[in-house]
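*Asks:* Provided herewith is a single structure, encoded as structure tokens, for subsequent inquiry.
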Amino acid sequence: FPSHDIAADGQYILTGGAAYKFKPIGSMSLPFALGRLLAAAPALNLKAIGPGGGDWWWWPLRLRFGKRVELVKAVPKDQYRQYLMGCALYVDSYPWLGGTAFPEALMSGCRVAGLHGVAWGYSHADVMRSDDVASFVRDALALVNGEPSALARLDAERERCIRYHDPAQVRARMDQALDHGECVS
């Protein structure tokens with residue numbers, strides 16, 4: 001990872017998922033949370049992959065921040081990987097979480113943040129989720145700005161996630177479940 005302040009480079013926050021995963025439920029709104037983050041980090045932009053122009057919940061964010069917010073309906077996997085590798089921070093979908101994109105981003109070396117949504121607990125990456133918008137903004141800024149304690153926590157969770165998802169470890173858990181009759185046939 002670069003050891004300098006990423007926000008100073010005008011980099012971007014990346015989020016992605018099916019459009020419905022971002023549709024607010026009550027006060028749970030990723031566009032609102034991202035608006036707070038963009039306001040706190042004026043050098044950062046946002047790329048949201050999945051939402052389209054008809055998704056009204058993104059309109060206030062686009063009106064407020066203009067060209068700093070880019071909605072991209074869909075991209076090929078290779079282009080998504082390029083976006084992922086170039087982002088300053090990956091933020092998981094919210095209030096509906098995806099389950100795989102978040103740990104994949106973490107294990108790929110990205111700095112990741114998110115909010116506890118409707119359900120979570122899919123992987124060790126979920127430790128990087130915040131309980132509320134204020135905590136999310138604080139935690140995201142700490143990661144973007146390279147605060148040593150935030151990066152140490154991220155690195156520890158990345159290692160836990162990588163170990164947990166290691167094919168040999170997955171196989172061992174599957175074998176253990178089969179040995180103990182924990183699988184339904």
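Going by the structure tokens order, chains are called A, B, ..., each with residues numbered from 1, while ligands are numbered from 1 in the order shown.
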I want to know what sits within 12 Å of Gly99 in chain A, based on only C-alpha atoms, with residues of the same chain fewer than 6 positions away left out; could you give that as a list in words?
*Replies:*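 Within the cut-off, the hits are Gly17, Lys21, Asp92, Ser93, Ala105, Gly114, Gly117, Val118, Ala119, Trp120, Gly121, Tyr122, Ser123, His124, Ala125 and Asp126 of chain A.
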*Asks:* List the spatial neighbours of Leu106 in chain A as a ChimeraX atom specification - criterion: any atom at most 12 Å away, only C-alpha atoms, same-chain residues fewer than 2 positions off excluded.
*Replies:* /A:84-85,89-92,100-104,108-114,123-129,151,153-162,165
*Asks:* For range 54-131 of chain A against range 31-44 of chain A, with a cut-off of 10 Å and counting only C-alpha atoms, what is the closest atom pair and its distance in Å to one decimal for every residue that makes the cut, ordered by chain and number, as a tab-separated table?
*Replies:*
residue	atom	partner	partner_atom	distance
A:Trp57	CA	A:Pro31	CA	7.0
A:Trp58	CA	A:Pro31	CA	6.0
A:Trp59	CA	A:Pro31	CA	8.9
A:Pro60	CA	A:Pro31	CA	8.2
A:Leu61	CA	A:Gly35	CA	6.1
A:Arg62	CA	A:Pro31	CA	9.3
A:Arg64	CA	A:Gly35	CA	8.3
A:Phe65	CA	A:Leu38	CA	8.1
A:Arg68	CA	A:Leu44	CA	7.6
A:Val69	CA	A:Leu38	CA	9.3
A:Cys87	CA	A:Leu44	CA	9.9
A:Ala88	CA	A:Leu44	CA	8.3
A:Leu89	CA	A:Leu44	CA	9.7
A:Val91	CA	A:Leu34	CA	9.0
A:Tyr94	CA	A:Pro31	CA	9.0
A:Gly114	CA	A:Ala33	CA	9.8
A:Leu115	CA	A:Ala33	CA	9.0
*Asks:* Store the residues picked out above, limited to N, CA, C and O atoms, as an mmCIF file, in the first residue's frame.
*Replies:*
data_model
loop_
_atom_site.group_PDB
_atom_site.id
_atom_site.type_symbol
_atom_site.label_atom_id
_atom_site.label_comp_id
_atom_site.auth_asym_id
_atom_site.auth_seq_id
_atom_site.Cartn_x
_atom_site.Cartn_y
_atom_site.Cartn_z
ATOM 1 N N TRP A 57 -32.605 7.003 -5.231
ATOM 2 C CA TRP A 57 -31.894 7.179 -3.961
ATOM 3 C C TRP A 57 -30.472 7.711 -4.150
ATOM 4 O O TRP A 57 -29.873 8.201 -3.211
ATOM 5 N N TRP A 58 -29.960 7.684 -5.379
ATOM 6 C CA TRP A 58 -28.647 8.258 -5.659
ATOM 7 C C TRP A 58 -28.743 9.729 -6.103
ATOM 8 O O TRP A 58 -27.739 10.425 -6.134
ATOM 9 N N TRP A 59 -29.924 10.181 -6.472
ATOM 10 C CA TRP A 59 -30.063 11.529 -7.026
ATOM 11 C C TRP A 59 -29.553 12.634 -6.109
ATOM 12 O O TRP A 59 -28.825 13.527 -6.576
ATOM 13 N N PRO A 60 -29.904 12.653 -4.813
ATOM 14 C CA PRO A 60 -29.391 13.748 -3.970
ATOM 15 C C PRO A 60 -27.864 13.790 -3.915
ATOM 16 O O PRO A 60 -27.266 14.870 -3.929
ATOM 17 N N LEU A 61 -27.238 12.625 -3.897
ATOM 18 C CA LEU A 61 -25.781 12.560 -3.859
ATOM 19 C C LEU A 61 -25.187 13.103 -5.156
ATOM 20 O O LEU A 61 -24.224 13.875 -5.132
ATOM 21 N N ARG A 62 -25.797 12.737 -6.276
ATOM 22 C CA ARG A 62 -25.301 13.218 -7.566
ATOM 23 C C ARG A 62 -25.526 14.723 -7.711
ATOM 24 O O ARG A 62 -24.682 15.432 -8.253
ATOM 25 N N ARG A 64 -25.650 16.927 -5.258
ATOM 26 C CA ARG A 64 -24.767 17.631 -4.319
ATOM 27 C C ARG A 64 -23.312 17.616 -4.778
ATOM 28 O O ARG A 64 -22.604 18.609 -4.633
ATOM 29 N N PHE A 65 -22.846 16.465 -5.310
ATOM 30 C CA PHE A 65 -21.423 16.321 -5.601
ATOM 31 C C PHE A 65 -21.088 16.282 -7.093
ATOM 32 O O PHE A 65 -19.913 16.200 -7.453
ATOM 33 N N ARG A 68 -18.195 14.354 -9.125
ATOM 34 C CA ARG A 68 -17.453 13.532 -8.160
ATOM 35 C C ARG A 68 -18.125 12.174 -7.963
ATOM 36 O O ARG A 68 -17.510 11.256 -7.425
ATOM 37 N N VAL A 69 -19.372 12.040 -8.402
ATOM 38 C CA VAL A 69 -20.127 10.795 -8.253
ATOM 39 C C VAL A 69 -20.403 10.231 -9.644
ATOM 40 O O VAL A 69 -21.047 10.869 -10.467
ATOM 41 N N CYS A 87 -8.806 1.695 -6.477
ATOM 42 C CA CYS A 87 -9.571 2.513 -5.532
ATOM 43 C C CYS A 87 -8.799 2.803 -4.248
ATOM 44 O O CYS A 87 -7.940 2.033 -3.830
ATOM 45 N N ALA A 88 -9.129 3.919 -3.638
ATOM 46 C CA ALA A 88 -8.561 4.272 -2.339
ATOM 47 C C ALA A 88 -9.259 3.504 -1.227
ATOM 48 O O ALA A 88 -8.668 3.231 -0.182
ATOM 49 N N LEU A 89 -10.526 3.143 -1.473
ATOM 50 C CA LEU A 89 -11.328 2.453 -0.461
ATOM 51 C C LEU A 89 -12.471 1.733 -1.156
ATOM 52 O O LEU A 89 -13.131 2.313 -2.016
ATOM 53 N N VAL A 91 -16.138 0.154 -0.470
ATOM 54 C CA VAL A 91 -17.239 0.187 0.493
ATOM 55 C C VAL A 91 -18.284 -0.820 0.039
ATOM 56 O O VAL A 91 -18.735 -0.771 -1.108
ATOM 57 N N TYR A 94 -25.014 -1.601 0.836
ATOM 58 C CA TYR A 94 -25.736 -1.380 2.093
ATOM 59 C C TYR A 94 -27.070 -0.756 1.754
ATOM 60 O O TYR A 94 -27.114 0.092 0.873
ATOM 61 N N GLY A 114 -17.420 -0.617 5.629
ATOM 62 C CA GLY A 114 -18.830 -0.879 5.377
ATOM 63 C C GLY A 114 -19.650 -0.581 6.614
ATOM 64 O O GLY A 114 -19.116 -0.166 7.649
ATOM 65 N N LEU A 115 -20.926 -0.796 6.489
ATOM 66 C CA LEU A 115 -21.871 -0.604 7.590
ATOM 67 C C LEU A 115 -22.604 -1.917 7.840
ATOM 68 O O LEU A 115 -22.820 -2.699 6.916
#
*Asks:* I'd like to know which residues of range 5-159 of chain A are helix (DSSP H, G or I) (by DSSP, run on the backbone); could you write them as a count of residues only?
*Replies:* 78
*Asks:* Provide the CA of Gln11 in chain A to CA of Glu147 in chain A distance in Å, to one decimal place.
*Replies:*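 CA of Gln11 in chain A sits 16.8 Å away from CA of Glu147 in chain A.
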*Asks:* Excluding range 45-49 of chain A and residues on its chain fewer than 4 positions from it, collect all residues at most 7 Å away from it, counting only C-alpha atoms, and give them as number ranges by chain.
*Replies:* A: 10-17, 68-74
